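One structure is given below, encoded as structure tokens.
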Amino acid sequence: MTSVGIIGSGFGALAVALELKRAGHTDLRLWERSDDLGGVWRDNTYPGAGCDVPSPLYSFSFEPNPHWTRRYALQEEIHTYIRSVADKHGITPLVRFGSEVVAATWDEHSSTWTVSFADPSTSSGTREETVDILVSAVGQLSRPRLPAIEGVDSFAGTSFHSAEWDHSFDPAGKTIAVVGSGASAVQFIPHLARDAAEVIVFQRSPNYLMPKPDKPYKAFHKALFHKVPASQRLERGVIWTFMEQFARGLDDESRVGRVNKSVAMWHLRKQVKDPDLRAKLTPDYPIGCKRILFSNEFYPALAQDNVDVVTYAITKVTRKGVVDSAGTEHEVDAIVYATGFDSQDFLQSIDITGTHGQKLATQWADGAHAYLGMYVPNFPNLFVTYGPNTNLGGGSIIYMLEAQARHMRQALDRLVAGDYETIEVTQEAEEAYDRDVVAKLEHSAWAHCDNWYRHRSGRITSNWPGATLPFAKATKVLEPSAFRWA
Ligand code: NAP
């Protein structure tokens, strides 16, 4: 029986485990460094954390949830959903909690992966397991990043990253600096602004912000979703169709992009009356280049008297607060860093060694790339979910994860049916695929500003170009000639 080890227990890991289990592959284990499953939906517990993709689409296609309390579910509800799906399908008992993978090495003689885990109880500090197939499902946003600003460690007050929210911190009556104004900040700043004496938002770049068509589901909706499941499928279909059009707006020549920009600018004019604040909040780059955000509360929060938006760069952090490039020291009680994640150095927290001692970190030194975002030459039997060029600027990542899982299942089925021990994508197939992706990305909105989708080499390593249907089509049927089977 072919053994499969999956690193992680978020949506990506679950998508693969569910697909393989349903197809009869039962030697599965999921390694989770924490003591609970859920990935980013376990970790990001900041006030107001939620998803800006509607829940009927931001859920597994085969597990609709008639219990969603609102169209855009909040973190706790999404985390509960993940847990319940894992329980229902018998995945939870397959998860080995407290298992932090630190290295994985391909053994050419046995055609297996030797996976090493941090283990302080052993003399070497590690322990090992062996599997036939290694699946990375660590995602793109699992490692919070603090900014490289002088003095970040010297602040004497409370400070934390948005993905590691300190729930013992009471914002009431406090002066709080927030560094960053991206997708996370937009969600928690309105909550801080409600209680804090003062919130100072250090905004390096403004974002395009759209209204969020959120609403609680009434008893009527829930009863309908229960009794007529097709009604929820219909809602999902409508949202998917809309999101596919939205994704088209991320092509810089697109008419949809111009419509998106008009809506965002209308939203700003409607919600922010002060011309000075409005000027600060007006982006000067093409729409879609940074993630388009959705909120009905963010602009009104920034317009409150107890909220200030500082657009000067931060030059240093001191014991007392934050110094900006105009020389002002802002004394604060707390600093919240909403500065994003280490998204570019894919999988580099794990020391992965493939054939002939090839290191994945070396192979991807100029930015990660993989055939269909999943398969890497020189790394047989390694499957990567939510890998390079599979993130979206609009749409549901879960749709993408399901497509990847179906492709991985085909790969495993063929491996087993053909009595092969290894599957490895050919260099030619990977390079041809990558040329196509890179060419398409050159025309995307993401090519026109700094964003977390780009590697320091300039390469756009995070995002899939375009809508999700073309990805589903590209991954629908495995092309055997793209791989070496042995
Ligand atoms: P982010 O979007 O990467 O935002 C980071 C923010 O920090 C940006 O405003 C950035 O400014 C700023 N920043 C970084 N370094 C700085 C520095 N040295 N000085 C001042 N400002 C600095 O991070 P995030 O908000 O955590 O979101 C990351 C991703 O997580 C999102 O894009 C999204 O994919 C996902 N997410 C999704 C949801 C959802 O609703 N589905 C919610 C939250 C997060 P610049 O823009 O100038 O770089």
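As shown in the structure tokens, the chain order sets the letters A, B, ...; within each chain, residues go from 1, and ligands are also counted from 1 in the order they appear.
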- May I have the residues within 10 Å of Thr362 of chain A as an NGL selection string, using only C-alpha atoms and disregarding those fewer than 4 positions away in the same chain? :A and (348 or 352-353 or 358 or 366-368)
Write the residues of the selection above to a file with all heavy atoms, as a PDB file, in the first residue's frame.
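Heads up, here's the output in part.pdb:
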ATOM      1  N   GLN A 348      10.445  27.112   2.500  1.00  0.00           N
ATOM      2  CA  GLN A 348      11.851  27.188   2.913  1.00  0.00           C
ATOM      3  C   GLN A 348      12.048  26.981   4.408  1.00  0.00           C
ATOM      4  O   GLN A 348      13.180  26.917   4.870  1.00  0.00           O
ATOM      5  CB  GLN A 348      12.458  28.506   2.450  1.00  0.00           C
ATOM      6  CG  GLN A 348      12.298  28.656   0.969  1.00  0.00           C
ATOM      7  CD  GLN A 348      13.524  28.990   0.210  1.00  0.00           C
ATOM      8  OE1 GLN A 348      14.508  29.412   0.778  1.00  0.00           O
ATOM      9  NE2 GLN A 348      13.479  28.824  -1.084  1.00  0.00           N
ATOM     10  N   ILE A 352      14.299  20.660   2.246  1.00  0.00           N
ATOM     11  CA  ILE A 352      13.862  19.567   1.364  1.00  0.00           C
ATOM     12  C   ILE A 352      14.968  19.227   0.355  1.00  0.00           C
ATOM     13  O   ILE A 352      15.474  20.109  -0.351  1.00  0.00           O
ATOM     14  CB  ILE A 352      12.554  19.943   0.642  1.00  0.00           C
ATOM     15  CG1 ILE A 352      11.457  20.182   1.695  1.00  0.00           C
ATOM     16  CG2 ILE A 352      12.130  18.847  -0.339  1.00  0.00           C
ATOM     17  CD1 ILE A 352      10.095  20.459   1.152  1.00  0.00           C
ATOM     18  N   THR A 353      15.336  17.956   0.320  1.00  0.00           N
ATOM     19  CA  THR A 353      16.424  17.507  -0.557  1.00  0.00           C
ATOM     20  C   THR A 353      15.887  16.442  -1.514  1.00  0.00           C
ATOM     21  O   THR A 353      15.309  15.444  -1.080  1.00  0.00           O
ATOM     22  CB  THR A 353      17.576  16.896   0.278  1.00  0.00           C
ATOM     23  OG1 THR A 353      17.891  17.790   1.348  1.00  0.00           O
ATOM     24  CG2 THR A 353      18.810  16.662  -0.579  1.00  0.00           C
ATOM     25  N   GLN A 358      19.895  17.546  -4.568  1.00  0.00           N
ATOM     26  CA  GLN A 358      19.360  18.862  -4.964  1.00  0.00           C
ATOM     27  C   GLN A 358      18.465  19.438  -3.869  1.00  0.00           C
ATOM     28  O   GLN A 358      17.550  18.772  -3.389  1.00  0.00           O
ATOM     29  CB  GLN A 358      18.556  18.710  -6.262  1.00  0.00           C
ATOM     30  CG  GLN A 358      17.867  19.961  -6.751  1.00  0.00           C
ATOM     31  CD  GLN A 358      18.837  21.024  -7.247  1.00  0.00           C
ATOM     32  OE1 GLN A 358      19.885  20.727  -7.805  1.00  0.00           O
ATOM     33  NE2 GLN A 358      18.501  22.271  -7.014  1.00  0.00           N
ATOM     34  N   ASP A 366      15.576  31.835  -7.182  1.00  0.00           N
ATOM     35  CA  ASP A 366      15.071  33.014  -7.909  1.00  0.00           C
ATOM     36  C   ASP A 366      13.557  33.052  -7.979  1.00  0.00           C
ATOM     37  O   ASP A 366      12.971  33.732  -8.836  1.00  0.00           O
ATOM     38  CB  ASP A 366      15.657  33.044  -9.334  1.00  0.00           C
ATOM     39  CG  ASP A 366      17.141  33.335  -9.303  1.00  0.00           C
ATOM     40  OD1 ASP A 366      17.573  34.042  -8.375  1.00  0.00           O
ATOM     41  OD2 ASP A 366      17.865  32.836 -10.180  1.00  0.00           O
ATOM     42  N   GLY A 367      12.925  32.296  -7.112  1.00  0.00           N
ATOM     43  CA  GLY A 367      11.459  32.271  -7.082  1.00  0.00           C
ATOM     44  C   GLY A 367      10.943  30.880  -7.435  1.00  0.00           C
ATOM     45  O   GLY A 367      11.487  30.206  -8.312  1.00  0.00           O
ATOM     46  N   ALA A 368       9.890  30.489  -6.738  1.00  0.00           N
ATOM     47  CA  ALA A 368       9.363  29.132  -6.908  1.00  0.00           C
ATOM     48  C   ALA A 368       8.565  28.994  -8.199  1.00  0.00           C
ATOM     49  O   ALA A 368       7.903  29.938  -8.633  1.00  0.00           O
ATOM     50  CB  ALA A 368       8.473  28.794  -5.718  1.00  0.00           C
TER      51      ALA A 368
END
- Message: Which residues are close to Asn44 of chain A, i.e. within 8 Å by only C-alpha atoms, leaving aside same-chain residues fewer than 6 positions away? Reply as a PyMOL selection string.
- Response: chain A and resi 75+162-165
- Query: Using only C-alpha atoms, which residue out of A:Arg406, A:Arg255, A:Lys476, A:Arg70 lies closest to Val16 of chain A?
  - Reply: A:Arg406
- Exercise: Ala338 of chain A partners within 10 Å, only C-alpha atoms, chain neighbours under 4 positions left out, as a PyMOL selection string: chain A and resi 144-147+160-163+178-186+188+202
- Best match for closeness to ligand 1 among A:Gly50, A:Pro229, A:Gly418, A:Gly157, counting only C-alpha atoms and all ligand atoms: A:Gly50
Taking 5 positions as the minimum chain separation for residues in the same chain, which residues sit within 7 Å of segment 373-376 of chain A when counting only C-alpha atoms? Answer as a PDB file with C-alpha atoms, in the first residue's frame.
ATOM      1  CA  LEU A 382       6.514  15.343  -3.936  1.00  0.00           C
ATOM      2  CA  PHE A 383       3.094  16.938  -4.437  1.00  0.00           C
ATOM      3  CA  VAL A 384       2.612  20.592  -3.463  1.00  0.00           C
ATOM      4  CA  THR A 385      -0.831  21.978  -2.836  1.00  0.00           C
ATOM      5  CA  GLY A 387       2.038  25.928  -4.393  1.00  0.00           C
ATOM      6  CA  PRO A 388       3.595  28.493  -6.740  1.00  0.00           C
ATOM      7  CA  ASN A 389       1.194  30.397  -9.022  1.00  0.00           C
ATOM      8  CA  THR A 390      -1.996  28.962  -7.547  1.00  0.00           C
ATOM      9  CA  VAL A 425       7.575  15.788 -13.686  1.00  0.00           C
TER      10      VAL A 425
END
- Task: For atom CA of Ser457 of chain A and atom 28 (C, counted along the ligand's line) of ligand 1, quote the distance in Å rounded to one decimal.
- Result: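 Result for atom CA of Ser457 of chain A versus atom 28 (C, counted along the ligand's line) of ligand 1: 19.9 Å, one decimal.
Restricting the calculation to only C-alpha atoms, the smallest distance between Val115 of chain A and any of A:Val437, A:Val238, A:Ile287, A:Ile133 is found for A:Ile133.
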- Determine the nearest neighbour of Lys215 of chain A from the options A:Ser99, A:Gln245, A:Gln140, A:Asn296, counting only C-alpha atoms. A:Asn296
- Using only C-alpha atoms, which of A:Asp132, A:Glu428, A:Glu402, A:Asp27 sits nearest Ala104 of chain A?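 When distances to Ala104 of chain A are compared using only C-alpha atoms, the smallest one comes from A:Asp132.
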- Spatial neighbours of His267 of chain A, max dist 10 Å, only C-alpha atoms, sep filter under 5 positions, as a PyMOL selection string: chain A and resi 208-211+261-262+272+295-296+299
